Amino acid sequence: MLPAPDTDAIDEAAALLVGAQHAVALTGAGISKESGIPTFRGKDGLWTVRGEPPLNQFQEFHRDPKAWWVRRLEQRANPDEFALSLSASEPNDAHYALAELESIGVLRHVITQNVDNLHRRAGQQSITEIHGNMRWMRCTDCHTRWPEDKVDVNLEDLPPRCPEPGCSGIVKGDGVMFGEPIPPDALERCYAEAAMADVFLLVGTSAVVYPAAMFPQLAHQRGASLIEIDPEPTALSELARVALRGPAGEMLPLLLRAVRERIERR
Ligand code: OAD
């Protein structure tokens, strides 16, 4: 049985983090739930309510990138409930606690599956957005990424083309579509982080989507300790050394406080 979300569990997690050489976090939709953004799975999850997008989304983009851009601009002009929840969202206490764990030198990297930009807005510096960022654009040829205000989108000449010298690849939104490979630079960084990690924090992810869910498992195979923060058990709970069962916005600030206390006692 995993420990309940009590002070012992928080203290055990804090001890692991303070003793780590290279702690890495994998975050998912649950960390942004308290920012008002729904998760994907579970009772009110986006996919539960709407169904998953078609698996050929990326192929459809390539078949007709102009049509995708026209739809994107229409959706931006008339956002649905989900898009509104994303654009109205602010980082919550969980995002700030992770950023603080980084700034005090305890957390080395965050791999997030979220496209909501909230880790960056909370001040996280070392981050891989494995599924992209809704506020960024990416070239489908050279994979350069830019914040969206750095790319000229000319309504008369869609799709936009890559502005990098020597490349005129088609530009798409940075969010990874169903059927699209993970961008190679993101993948490479995740492998490197998993190889270095001796503690892996899992926050608000059901850990059922690959390759993201593979990285904590790779680290675990090499002896890393997993700490899970999630109100519910997940696909990787069996591997977790300690589980904090509660909302990330409550658990991570408690964990941060316990980490600080341990550092002060040293
Ligand atoms: P899921 O919706 O699969 O899982 C969300 C997790 O968050 C669940 O384990 C919940 O129990 C947990 N949760 C809910 N509220 C929470 C809270 N307040 N604090 C902490 N945890 C909470 O979302 P992901 O695992 O992120 O990919 O899904 C992974 C990928 O599936 C997404 O990136 C997306 C989707 O298809 C793409 O769109 C490419």
# chains A, B, ... in the order shown; residues from 1 in each chain; ligands from 1

$ residues_near_ligand --ligand "ligand 1" --cutoff "7 Å" --atoms "only C-alpha atoms and all ligand atoms" --output "PyMOL selection string"
chain A and resi 27-31+33-34+39-42+45+113-114+131+176-178+203-209+229-234+246-249

$ write_last_selection --atoms "N, CA and C atoms" --output "compact mmCIF listing (two decimals), in the first residue's frame"
# COMPACT_ATOMS: atom_id res chain seq x y z
N THR A 27 4.98 16.65 -16.02
CA THR A 27 3.66 17.16 -15.63
C THR A 27 2.65 16.92 -16.74
N GLY A 28 1.38 16.88 -16.31
CA GLY A 28 0.28 16.69 -17.25
C GLY A 28 -0.87 17.61 -16.90
N ALA A 29 -1.99 17.37 -17.55
CA ALA A 29 -3.13 18.29 -17.47
C ALA A 29 -3.59 18.56 -16.04
N GLY A 30 -3.40 17.57 -15.14
CA GLY A 30 -3.88 17.75 -13.77
C GLY A 30 -3.25 18.93 -13.05
N ILE A 31 -2.02 19.30 -13.43
CA ILE A 31 -1.37 20.42 -12.72
C ILE A 31 -2.07 21.74 -13.07
N LYS A 33 -5.40 21.91 -13.67
CA LYS A 33 -6.84 21.81 -13.35
C LYS A 33 -7.26 22.98 -12.44
N GLU A 34 -6.40 23.30 -11.47
CA GLU A 34 -6.76 24.39 -10.54
C GLU A 34 -6.57 25.78 -11.18
N THR A 39 -8.95 18.47 -17.59
CA THR A 39 -8.02 17.41 -17.99
C THR A 39 -8.60 16.74 -19.26
N PHE A 40 -7.90 15.70 -19.75
CA PHE A 40 -8.36 15.03 -20.98
C PHE A 40 -9.24 13.83 -20.68
N ARG A 41 -8.81 13.07 -19.64
CA ARG A 41 -9.53 11.82 -19.33
C ARG A 41 -10.29 12.01 -18.01
N GLY A 42 -10.97 10.98 -17.56
CA GLY A 42 -11.74 11.13 -16.32
C GLY A 42 -13.11 11.72 -16.62
N GLY A 45 -13.36 15.04 -18.45
CA GLY A 45 -12.21 15.26 -19.33
C GLY A 45 -12.65 15.67 -20.74
N GLN A 113 3.61 17.86 -20.64
CA GLN A 113 2.78 17.46 -21.78
C GLN A 113 1.78 18.58 -22.09
N ASN A 114 1.77 19.63 -21.26
CA ASN A 114 0.76 20.68 -21.42
C ASN A 114 1.22 21.71 -22.44
N HIS A 131 4.70 18.19 -25.97
CA HIS A 131 3.56 18.29 -26.91
C HIS A 131 3.40 19.70 -27.45
N VAL A 176 1.59 19.60 -30.73
CA VAL A 176 1.76 18.33 -31.46
C VAL A 176 0.38 17.74 -31.75
N MET A 177 0.15 17.45 -33.03
CA MET A 177 -1.15 16.92 -33.44
C MET A 177 -1.19 15.41 -33.28
N PHE A 178 -2.38 14.84 -33.24
CA PHE A 178 -2.50 13.39 -33.27
C PHE A 178 -1.91 12.90 -34.60
N VAL A 203 3.49 14.69 -11.86
CA VAL A 203 2.45 15.58 -11.33
C VAL A 203 1.28 15.69 -12.30
N GLY A 204 0.11 15.19 -11.89
CA GLY A 204 -1.12 15.43 -12.66
C GLY A 204 -1.11 14.82 -14.05
N THR A 205 -0.55 13.63 -14.16
CA THR A 205 -0.64 12.94 -15.46
C THR A 205 -1.10 11.50 -15.25
N SER A 206 -2.02 11.07 -16.11
CA SER A 206 -2.48 9.68 -16.03
C SER A 206 -1.39 8.72 -16.50
N ALA A 207 -0.35 9.26 -17.15
CA ALA A 207 0.81 8.48 -17.61
C ALA A 207 0.40 7.34 -18.54
N VAL A 208 -0.52 7.65 -19.46
CA VAL A 208 -0.92 6.62 -20.43
C VAL A 208 -0.52 7.01 -21.85
N VAL A 209 0.06 8.22 -22.02
CA VAL A 209 0.41 8.67 -23.38
C VAL A 209 1.93 8.57 -23.56
N ILE A 229 2.31 12.84 -7.61
CA ILE A 229 1.36 13.78 -7.00
C ILE A 229 0.12 13.78 -7.86
N ASP A 230 -0.93 13.19 -7.37
CA ASP A 230 -2.16 13.04 -8.15
C ASP A 230 -3.27 12.60 -7.18
N PRO A 231 -4.46 13.14 -7.30
CA PRO A 231 -5.54 12.69 -6.40
C PRO A 231 -5.91 11.23 -6.62
N GLU A 232 -5.62 10.70 -7.83
CA GLU A 232 -6.01 9.34 -8.19
C GLU A 232 -4.78 8.51 -8.52
N PRO A 233 -4.89 7.18 -8.35
CA PRO A 233 -3.79 6.33 -8.84
C PRO A 233 -3.68 6.45 -10.36
N THR A 234 -2.46 6.24 -10.86
CA THR A 234 -2.22 6.37 -12.31
C THR A 234 -1.58 5.08 -12.83
N GLY A 246 -3.54 14.09 -3.61
CA GLY A 246 -4.31 15.32 -3.43
C GLY A 246 -4.05 16.23 -4.60
N PRO A 247 -4.75 17.36 -4.67
CA PRO A 247 -4.54 18.30 -5.77
C PRO A 247 -3.13 18.89 -5.74
N ALA A 248 -2.56 19.04 -6.93
CA ALA A 248 -1.18 19.55 -7.02
C ALA A 248 -1.04 20.93 -6.38
N GLY A 249 -2.07 21.75 -6.50
CA GLY A 249 -2.02 23.11 -5.95
C GLY A 249 -1.93 23.12 -4.43

$ closest_residue --among "A:Cys139, A:Leu239, A:Ala20, A:Ala15" --to "Arg262 (chain A)" --atoms "only C-alpha atoms"
A:Ala15

$ select_by_dssp --residues "region 30-258 of chain A" --states "strand (DSSP E)" --output "PyMOL selection string"
chain A and resi 107-112+127-129+136-139+145-147+171-173+199-203+225-229+242-244

$ closest_residue --among "A:Leu254, A:Ile170, A:Ile263, A:Val242" --to "Ala9 (chain A)" --atoms "only C-alpha atoms"
A:Val242

$ atom_distance --atom1 "CA of Thr128 (chain A)" --atom2 "CA of Glu74 (chain A)"
28.8 Å

$ residues_around --residues "region 83-97 of chain A" --least-positions-apart "3" --cutoff "7 Å" --atoms "only C-alpha atoms" --output "JSON, numbers by chain"
{"A": [31, 34, 35, 36, 37, 79, 80, 100, 101, 116, 118, 119, 121, 122, 248, 249, 252, 253, 256]}

$ atom_distance --atom1 "CA of Gln221 (chain A)" --atom2 "CA of Gly105 (chain A)"
24.6 Å

$ closest_residue --among "A:Leu98, A:Cys190, A:Ile10, A:Leu218" --to "Gln124 (chain A)" --atoms "only C-alpha atoms"
A:Leu98

$ residues_around --residues "Pro184 (chain A)" --least-positions-apart "4" --cutoff "10 Å" --atoms "only C-alpha atoms" --output "list of chain:residue names"
A:Ile130, A:His143, A:Glu188, A:Arg189, A:Cys190

$ select_by_dssp --residues "region 11-253 of chain A" --states "alpha helix (DSSP H)" --output "ChimeraX atom specification"
/A:11-19,46-50,57-63,65-77,81-87,93-103,118-122,184-196,214-221,248-253

$ closest_atom_pairs --of "region 120-190 of chain A" --to "region 51-73 of chain A" --cutoff "10 Å" --atoms "only C-alpha atoms" --output "JSON lines"
{"residue": "A:Thr140", "atom": "CA", "partner": "A:His62", "partner_atom": "CA", "distance": 9.5}
{"residue": "A:Val153", "atom": "CA", "partner": "A:Trp69", "partner_atom": "CA", "distance": 9.3}
{"residue": "A:Leu155", "atom": "CA", "partner": "A:Val70", "partner_atom": "CA", "distance": 8.3}
{"residue": "A:Asp157", "atom": "CA", "partner": "A:Lys66", "partner_atom": "CA", "distance": 8.7}
{"residue": "A:Leu158", "atom": "CA", "partner": "A:Lys66", "partner_atom": "CA", "distance": 5.3}
{"residue": "A:Pro159", "atom": "CA", "partner": "A:Lys66", "partner_atom": "CA", "distance": 5.1}
{"residue": "A:Pro160", "atom": "CA", "partner": "A:Trp69", "partner_atom": "CA", "distance": 8.8}
{"residue": "A:Ile170", "atom": "CA", "partner": "A:Pro65", "partner_atom": "CA", "distance": 8.0}
{"residue": "A:Val171", "atom": "CA", "partner": "A:Pro65", "partner_atom": "CA", "distance": 8.8}
{"residue": "A:Lys172", "atom": "CA", "partner": "A:Pro65", "partner_atom": "CA", "distance": 8.0}
{"residue": "A:Gly173", "atom": "CA", "partner": "A:Trp69", "partner_atom": "CA", "distance": 8.9}
{"residue": "A:Val176", "atom": "CA", "partner": "A:Phe58", "partner_atom": "CA", "distance": 8.4}
{"residue": "A:Met177", "atom": "CA", "partner": "A:Phe58", "partner_atom": "CA", "distance": 5.6}
{"residue": "A:Phe178", "atom": "CA", "partner": "A:Leu55", "partner_atom": "CA", "distance": 5.1}
{"residue": "A:Gly179", "atom": "CA", "partner": "A:Leu55", "partner_atom": "CA", "distance": 5.2}
{"residue": "A:Glu180", "atom": "CA", "partner": "A:Phe58", "partner_atom": "CA", "distance": 5.3}
{"residue": "A:Pro181", "atom": "CA", "partner": "A:Phe58", "partner_atom": "CA", "distance": 9.0}

$ atom_distance --atom1 "CA of Pro183 (chain A)" --atom2 "CA of Pro211 (chain A)"
11.6 Å

$ decode --residues "region 70-81 of chain A" --atoms "N, CA, C and O atoms" --output "compact mmCIF listing (two decimals), in the first residue's frame"
# COMPACT_ATOMS: atom_id res chain seq x y z
N VAL A 70 -6.85 28.47 -41.95
CA VAL A 70 -8.12 29.22 -42.00
C VAL A 70 -8.97 28.84 -40.78
O VAL A 70 -9.51 29.70 -40.07
N ARG A 71 -9.02 27.52 -40.49
CA ARG A 71 -9.79 27.05 -39.32
C ARG A 71 -9.23 27.62 -38.02
O ARG A 71 -9.95 28.06 -37.15
N ARG A 72 -7.90 27.62 -37.92
CA ARG A 72 -7.26 28.13 -36.69
C ARG A 72 -7.61 29.60 -36.46
O ARG A 72 -7.94 30.01 -35.35
N LEU A 73 -7.56 30.38 -37.56
CA LEU A 73 -7.85 31.81 -37.40
C LEU A 73 -9.33 32.02 -37.05
O LEU A 73 -9.67 32.88 -36.24
N GLU A 74 -10.20 31.18 -37.62
CA GLU A 74 -11.63 31.27 -37.28
C GLU A 74 -11.85 30.92 -35.80
O GLU A 74 -12.62 31.57 -35.10
N GLN A 75 -11.14 29.85 -35.36
CA GLN A 75 -11.31 29.44 -33.95
C GLN A 75 -10.77 30.50 -33.00
O GLN A 75 -11.32 30.72 -31.92
N ARG A 76 -9.70 31.16 -33.41
CA ARG A 76 -9.16 32.25 -32.55
C ARG A 76 -10.18 33.38 -32.44
O ARG A 76 -10.32 34.01 -31.40
N ALA A 77 -10.89 33.64 -33.57
CA ALA A 77 -11.89 34.73 -33.56
C ALA A 77 -13.14 34.33 -32.77
O ALA A 77 -13.80 35.17 -32.17
N ASN A 78 -13.47 33.03 -32.80
CA ASN A 78 -14.67 32.53 -32.08
C ASN A 78 -14.29 31.37 -31.18
O ASN A 78 -14.63 30.22 -31.47
N PRO A 79 -13.59 31.63 -30.08
CA PRO A 79 -13.08 30.52 -29.26
C PRO A 79 -14.20 29.73 -28.60
O PRO A 79 -15.21 30.32 -28.19
N ASP A 80 -14.02 28.39 -28.52
CA ASP A 80 -14.99 27.57 -27.80
C ASP A 80 -14.65 27.60 -26.30
O ASP A 80 -13.68 28.26 -25.88
N GLU A 81 -15.41 26.82 -25.52
CA GLU A 81 -15.26 26.87 -24.06
C GLU A 81 -13.84 26.48 -23.62
O GLU A 81 -13.26 27.09 -22.73
